[in-house]
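Student: Just protein13.cif, nothing more (mmCIF, C-alpha atoms):
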data_target
#
loop_
_atom_site.group_PDB
_atom_site.id
_atom_site.type_symbol
_atom_site.label_atom_id
_atom_site.label_comp_id
_atom_site.auth_asym_id
_atom_site.auth_seq_id
_atom_site.Cartn_x
_atom_site.Cartn_y
_atom_site.Cartn_z
ATOM 1 C CA MET S 162 60.964 -42.217 -58.051
ATOM 2 C CA GLY S 163 60.160 -43.481 -54.833
ATOM 3 C CA ILE S 164 58.514 -42.005 -51.860
ATOM 4 C CA ASN S 165 60.832 -39.913 -49.877
ATOM 5 C CA PHE S 166 59.939 -40.597 -46.284
ATOM 6 C CA GLU S 167 61.761 -37.519 -45.093
ATOM 7 C CA GLU S 168 59.538 -35.280 -47.209
ATOM 8 C CA VAL S 169 56.375 -37.074 -46.091
ATOM 9 C CA LYS S 170 57.492 -36.804 -42.507
ATOM 10 C CA ALA S 171 58.138 -33.057 -42.931
ATOM 11 C CA ILE S 172 54.723 -32.578 -44.564
ATOM 12 C CA VAL S 173 52.975 -34.503 -41.775
ATOM 13 C CA GLU S 174 54.863 -32.542 -39.139
ATOM 14 C CA LEU S 175 53.839 -29.266 -40.803
ATOM 15 C CA GLY S 176 50.227 -30.437 -40.855
ATOM 16 C CA ILE S 177 50.325 -31.398 -37.194
ATOM 17 C CA MET S 178 52.014 -28.066 -36.335
ATOM 18 C CA GLY S 179 49.230 -26.250 -38.197
ATOM 19 C CA VAL S 180 46.542 -28.098 -36.214
ATOM 20 C CA ILE S 181 48.368 -27.495 -32.921
ATOM 21 C CA SER S 182 48.844 -23.775 -33.768
ATOM 22 C CA TYR S 183 45.185 -23.387 -34.733
ATOM 23 C CA THR S 184 44.051 -25.089 -31.502
ATOM 24 C CA TYR S 185 46.431 -22.959 -29.403
ATOM 25 C CA ILE S 186 45.313 -19.698 -31.023
ATOM 26 C CA THR S 187 41.641 -20.608 -30.612
ATOM 27 C CA GLN S 188 42.153 -21.407 -26.928
ATOM 28 C CA GLN S 189 44.056 -18.152 -26.364
ATOM 29 C CA LYS S 190 41.272 -16.155 -28.043
ATOM 30 C CA LYS S 191 38.693 -17.705 -25.674
ATOM 31 C CA LEU S 192 40.968 -17.048 -22.695
ATOM 32 C CA PHE S 193 41.417 -13.379 -23.665
ATOM 33 C CA GLU S 194 37.648 -12.948 -24.036
ATOM 34 C CA GLN S 195 37.104 -14.397 -20.554
ATOM 35 C CA GLN S 196 39.844 -12.189 -19.135
ATOM 36 C CA GLU S 197 38.222 -9.116 -20.711
ATOM 37 C CA LYS S 198 34.910 -9.963 -19.064
ATOM 38 C CA THR S 199 36.640 -10.609 -15.733
ATOM 39 C CA ILE S 200 38.521 -7.307 -15.923
ATOM 40 C CA THR S 201 35.283 -5.446 -16.718
ATOM 41 C CA VAL S 202 33.488 -7.038 -13.763
ATOM 42 C CA LEU S 203 36.431 -6.322 -11.441
ATOM 43 C CA ALA S 204 36.554 -2.699 -12.591
ATOM 44 C CA LYS S 205 32.852 -2.282 -11.821
ATOM 45 C CA LEU S 206 33.296 -3.904 -8.414
ATOM 46 C CA GLU S 207 36.288 -1.712 -7.606
ATOM 47 C CA ASN S 208 34.337 1.384 -8.625
ATOM 48 C CA GLN S 209 31.488 0.439 -6.309
ATOM 49 C CA LEU S 210 33.812 -0.314 -3.408
ATOM 50 C CA ASN S 211 35.994 2.782 -3.806
ATOM 51 C CA ASN S 212 33.392 5.466 -4.437
ATOM 52 C CA ASP S 213 33.521 6.898 -0.891
ATOM 53 C CA PHE S 214 29.716 6.856 -0.573
ATOM 54 C CA LEU S 215 28.267 6.030 2.810
ATOM 55 C CA LYS S 216 25.635 3.334 2.844
ATOM 56 C CA GLY S 217 23.483 1.524 5.342
ATOM 57 C CA LYS S 218 24.162 2.028 9.031
ATOM 58 C CA GLY S 219 27.124 4.362 8.413
ATOM 59 C CA LEU S 220 24.962 6.706 6.344
ATOM 60 C CA GLU S 221 22.185 6.542 8.920
ATOM 61 C CA ILE S 222 24.533 7.480 11.772
ATOM 62 C CA ALA S 223 26.142 10.312 9.785
ATOM 63 C CA LEU S 224 22.746 11.789 8.899
ATOM 64 C CA ILE S 225 21.395 11.481 12.424
ATOM 65 C CA LEU S 226 24.472 13.223 13.820
ATOM 66 C CA LYS S 227 24.134 15.977 11.223
ATOM 67 C CA ILE S 228 20.429 16.440 12.011
ATOM 68 C CA GLN S 229 21.213 16.616 15.729
ATOM 69 C CA ASP S 230 23.919 19.184 15.059
ATOM 70 C CA MET S 231 21.524 21.297 13.013
ATOM 71 C CA ARG S 232 18.771 20.953 15.607
ATOM 72 C CA TRP S 233 20.976 22.045 18.512
ATOM 73 C CA ALA S 234 22.477 24.939 16.571
ATOM 74 C CA VAL S 235 19.032 26.256 15.582
ATOM 75 C CA GLN S 236 17.581 25.704 19.044
ATOM 76 C CA LYS S 237 20.497 27.465 20.725
ATOM 77 C CA ARG S 238 20.213 30.434 18.349
ATOM 78 C CA ILE S 239 16.450 30.839 18.824
ATOM 79 C CA LEU S 240 16.700 30.497 22.604
ATOM 80 C CA LYS S 241 19.395 33.176 22.582
ATOM 81 C CA TYR S 242 16.958 35.561 20.889
ATOM 82 C CA ILE S 243 14.220 34.684 23.374
ATOM 83 C CA LYS S 244 16.450 35.164 26.416
ATOM 84 C CA ASN S 245 17.899 38.470 25.250
ATOM 85 C CA ASN S 246 14.357 39.925 25.171
ATOM 86 C CA HIS S 247 15.060 42.539 22.504
ATOM 87 C CA LEU S 248 12.715 41.111 19.915
ATOM 88 C CA GLU S 249 10.539 44.151 19.395
ATOM 89 C CA GLU S 250 13.257 46.721 18.870
ATOM 90 C CA ASN S 251 15.521 44.437 16.784
ATOM 91 C CA TRP S 252 12.896 42.397 14.923
ATOM 92 C CA ASP S 253 13.987 43.275 11.370
ATOM 93 C CA VAL S 254 17.592 42.339 12.064
ATOM 94 C CA ILE S 255 16.671 39.223 14.053
ATOM 95 C CA SER S 256 14.313 37.855 11.385
ATOM 96 C CA LYS S 257 16.984 38.355 8.688
ATOM 97 C CA GLU S 258 19.625 36.747 10.894
ATOM 98 C CA ILE S 259 17.410 33.723 11.473
ATOM 99 C CA LYS S 260 16.683 33.321 7.753
ATOM 100 C CA THR S 261 20.381 33.642 6.934
ATOM 101 C CA PHE S 262 21.286 31.201 9.704
ATOM 102 C CA PHE S 263 18.850 28.578 8.377
ATOM 103 C CA ASP S 264 20.130 29.084 4.821
ATOM 104 C CA SER S 265 23.740 28.694 5.934
ATOM 105 C CA LYS S 266 22.885 25.514 7.864
ATOM 106 C CA MET S 267 21.261 24.018 4.752
ATOM 107 C CA ILE S 268 24.197 25.004 2.544
ATOM 108 C CA ASN S 269 26.541 23.470 5.110
ATOM 109 C CA PHE S 270 24.467 20.274 5.110
ATOM 110 C CA GLU S 271 24.495 20.119 1.325
ATOM 111 C CA ASN S 272 28.245 20.719 1.106
ATOM 112 C CA GLU S 273 29.111 18.103 3.712
ATOM 113 C CA MET S 274 26.702 15.403 2.603
ATOM 114 C CA HIS S 275 26.635 15.713 -1.187
ATOM 115 C CA ASP S 276 29.946 13.972 -1.794
ATOM 116 C CA ILE S 277 29.332 11.065 0.571
ATOM 117 C CA ILE S 278 25.786 10.083 -0.384
ATOM 118 C CA GLU S 279 24.749 8.435 -3.640
ATOM 119 C CA GLU S 280 23.000 11.010 -5.876
ATOM 120 C CA THR S 281 19.436 9.655 -5.835
ATOM 121 C CA THR S 282 19.444 9.142 -2.069
ATOM 122 C CA TYR S 283 21.039 12.556 -1.579
ATOM 123 C CA LYS S 284 18.331 14.329 -3.592
ATOM 124 C CA LEU S 285 15.569 12.584 -1.650
ATOM 125 C CA LEU S 286 17.135 13.257 1.760
ATOM 126 C CA SER S 287 18.139 16.801 0.921
ATOM 127 C CA LYS S 288 14.637 17.720 -0.225
ATOM 128 C CA MET S 289 13.065 16.145 2.852
ATOM 129 C CA ILE S 290 15.428 17.910 5.270
ATOM 130 C CA LYS S 291 15.173 21.211 3.421
ATOM 131 C CA ASP S 292 11.354 21.075 3.532
ATOM 132 C CA GLU S 293 11.323 20.233 7.256
ATOM 133 C CA PHE S 294 13.750 22.984 8.175
ATOM 134 C CA GLU S 295 11.939 25.509 5.965
ATOM 135 C CA GLN S 296 8.699 24.747 7.828
ATOM 136 C CA THR S 297 10.563 24.907 11.140
ATOM 137 C CA LYS S 298 12.023 28.286 10.229
ATOM 138 C CA GLU S 299 8.547 29.670 9.487
ATOM 139 C CA ILE S 300 7.109 28.240 12.714
ATOM 140 C CA LEU S 301 9.948 29.629 14.821
ATOM 141 C CA LEU S 302 9.691 33.051 13.177
ATOM 142 C CA HIS S 303 5.963 32.998 13.899
ATOM 143 C CA ILE S 304 6.592 32.068 17.555
ATOM 144 C CA LEU S 305 9.120 34.883 17.917
ATOM 145 C CA ASP S 306 6.838 37.358 16.141
ATOM 146 C CA ASP S 307 3.993 36.501 18.516
ATOM 147 C CA LEU S 308 6.362 36.750 21.474
ATOM 148 C CA LYS S 309 7.556 40.122 20.222
ATOM 149 C CA LYS S 310 3.982 41.419 20.305
ATOM 150 C CA GLU S 311 2.609 39.655 23.392
ATOM 151 C CA GLY S 312 5.789 39.367 25.470
ATOM 152 C CA VAL S 313 5.820 43.076 26.215
ATOM 153 C CA LYS S 314 2.636 42.649 28.256
ATOM 154 C CA GLU S 315 3.277 39.184 29.697
ATOM 155 C CA LYS S 316 6.892 38.447 30.616
ATOM 156 C CA ASP S 317 6.158 34.806 31.541
ATOM 157 C CA LEU S 318 5.528 34.127 27.840
ATOM 158 C CA TYR S 319 9.292 34.114 27.285
ATOM 159 C CA GLY S 320 9.690 30.974 29.404
ATOM 160 C CA LYS S 321 6.749 29.327 27.658
ATOM 161 C CA ALA S 322 8.162 30.251 24.259
ATOM 162 C CA ALA S 323 11.536 28.731 25.189
ATOM 163 C CA ARG S 324 9.828 25.457 26.189
ATOM 164 C CA ILE S 325 7.774 25.461 22.971
ATOM 165 C CA VAL S 326 10.927 25.931 20.902
ATOM 166 C CA GLU S 327 12.729 23.123 22.748
ATOM 167 C CA THR S 328 9.770 20.779 22.342
ATOM 168 C CA HIS S 329 9.310 21.661 18.684
ATOM 169 C CA MET S 330 12.989 21.164 17.867
ATOM 170 C CA GLU S 331 13.030 17.805 19.658
ATOM 171 C CA SER S 332 9.934 16.788 17.702
ATOM 172 C CA ILE S 333 11.513 17.815 14.386
ATOM 173 C CA GLU S 334 14.663 15.862 15.202
ATOM 174 C CA ASN S 335 12.627 12.750 16.066
ATOM 175 C CA GLU S 336 10.564 13.051 12.873
ATOM 176 C CA LEU S 337 13.639 13.443 10.692
ATOM 177 C CA VAL S 338 15.428 10.540 12.367
ATOM 178 C CA ALA S 339 12.391 8.307 11.777
ATOM 179 C CA LYS S 340 12.170 9.380 8.127
ATOM 180 C CA ILE S 341 15.899 8.836 7.610
ATOM 181 C CA LYS S 342 15.666 5.342 9.075
ATOM 182 C CA SER S 343 12.689 4.467 6.858
ATOM 183 C CA ILE S 344 14.473 5.707 3.726
ATOM 184 C CA ILE S 345 17.796 4.029 4.419
ATOM 185 C CA ASN S 346 16.454 0.708 5.767
#
Would you mind giving the structure from this file in structure tokens?
Tutor:
Amino acid sequence: MGINFEEVKAIVELGIMGVISYTYITQQKKLFEQQEKTITVLAKLENQLNNDFLKGKGLEIALILKIQDMRWAVQKRILKYIKNNHLEENWDVISKEIKTFFDSKMINFENEMHDIIEETTYKLLSKMIKDEFEQTKEILLHILDDLKKEGVKEKDLYGKAARIVETHMESIENELVAKIKSIIN
């Protein structure tokens, strides 16, 4: 019995094929693991880029425009009540209208801004703006209540009240803009 070179050659080839297959499978396993990590990182990046949240300067501009809109709407409404001069006889209705108007402005703000601001930032900004406008509402109601009582005797108080409201609303807008800038930057 001699050595059959064909059988030895076949055995060696099978051994080499086994080593090559093992090496190939090991390399593919490592490649798949790297691809999984890459896909996970890309999915996270895509989620961050496509979440429709405003950030930075875009968020700052959107908030400032919204604050200005709210300021002018409130100021216009309060000045309308001052100029119509029917505060005393319509006080109950006017005070309820003002409270409802402020509430609707805040709900409008929340509805428009909630979906475009990241949750933590939204909660912080929403609370700050809500607190400022709640204080403003109380101040303006107090101004109108005083005007209702004193304006009957002194008609020039209506002009003074209008200037006070304008100044106060401008001050509130400036304060909120400064706070927004400090939070976002």
Student: What's the 12 Å shell around Lys310 in chain S, counting only C-alpha atoms, without same-chain residues fewer than 4 positions away, as an MDAnalysis selection string?
Tutor: chainID S and resid 246:250 252 303:306 314:316 318:319
Student: Enter the distance from CA of Val326 in chain S to CA of Ile239 in chain S, in Å, rounded to one decimal.
Tutor: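 Rounded to one decimal, the two atoms are 7.7 Å apart.
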Student: Rank nothing, just name the residue among S:Arg324, S:Arg232, S:Lys218, S:Lys298 nearest to Lys260 in chain S, using only C-alpha atoms.
Tutor: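 Closest candidate: S:Lys298.
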Student: List the spatial neighbours of Lys291 in chain S as a PDB file with C-alpha atoms, in the frame of the given file - criterion: any atom at most 12 Å away, all atoms listed in the file, same-chain residues fewer than 5 positions off excluded.
Tutor:
ATOM      1  CA  ILE S 228      20.429  16.440  12.011  1.00  0.00           C
ATOM      2  CA  MET S 231      21.524  21.297  13.013  1.00  0.00           C
ATOM      3  CA  PHE S 263      18.850  28.578   8.377  1.00  0.00           C
ATOM      4  CA  ASP S 264      20.130  29.084   4.821  1.00  0.00           C
ATOM      5  CA  SER S 265      23.740  28.694   5.934  1.00  0.00           C
ATOM      6  CA  LYS S 266      22.885  25.514   7.864  1.00  0.00           C
ATOM      7  CA  MET S 267      21.261  24.018   4.752  1.00  0.00           C
ATOM      8  CA  ILE S 268      24.197  25.004   2.544  1.00  0.00           C
ATOM      9  CA  ASN S 269      26.541  23.470   5.110  1.00  0.00           C
ATOM     10  CA  PHE S 270      24.467  20.274   5.110  1.00  0.00           C
ATOM     11  CA  GLU S 271      24.495  20.119   1.325  1.00  0.00           C
ATOM     12  CA  TYR S 283      21.039  12.556  -1.579  1.00  0.00           C
ATOM     13  CA  LYS S 284      18.331  14.329  -3.592  1.00  0.00           C
ATOM     14  CA  LEU S 285      15.569  12.584  -1.650  1.00  0.00           C
ATOM     15  CA  LEU S 286      17.135  13.257   1.760  1.00  0.00           C
ATOM     16  CA  GLN S 296       8.699  24.747   7.828  1.00  0.00           C
ATOM     17  CA  THR S 297      10.563  24.907  11.140  1.00  0.00           C
ATOM     18  CA  LYS S 298      12.023  28.286  10.229  1.00  0.00           C
ATOM     19  CA  LEU S 337      13.639  13.443  10.692  1.00  0.00           C
TER      20      LEU S 337
END
Student: Here is a test: counting all atoms listed in the file, which residue of S:Lys237, S:Lys288, S:Lys309, S:Lys342 is nearest to Asp253 in chain S?
Tutor: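 Looking only at the distances to Asp253 in chain S, the closest residue turns out to be S:Lys309.
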Student: Under the rule that only C-alpha atoms are counted, which of S:Met274, S:His329, S:Lys216, S:Ala322 is the nearest residue to Glu293 in chain S?
Tutor: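 Using only C-alpha atoms, Glu293 in chain S sits closest to S:His329.
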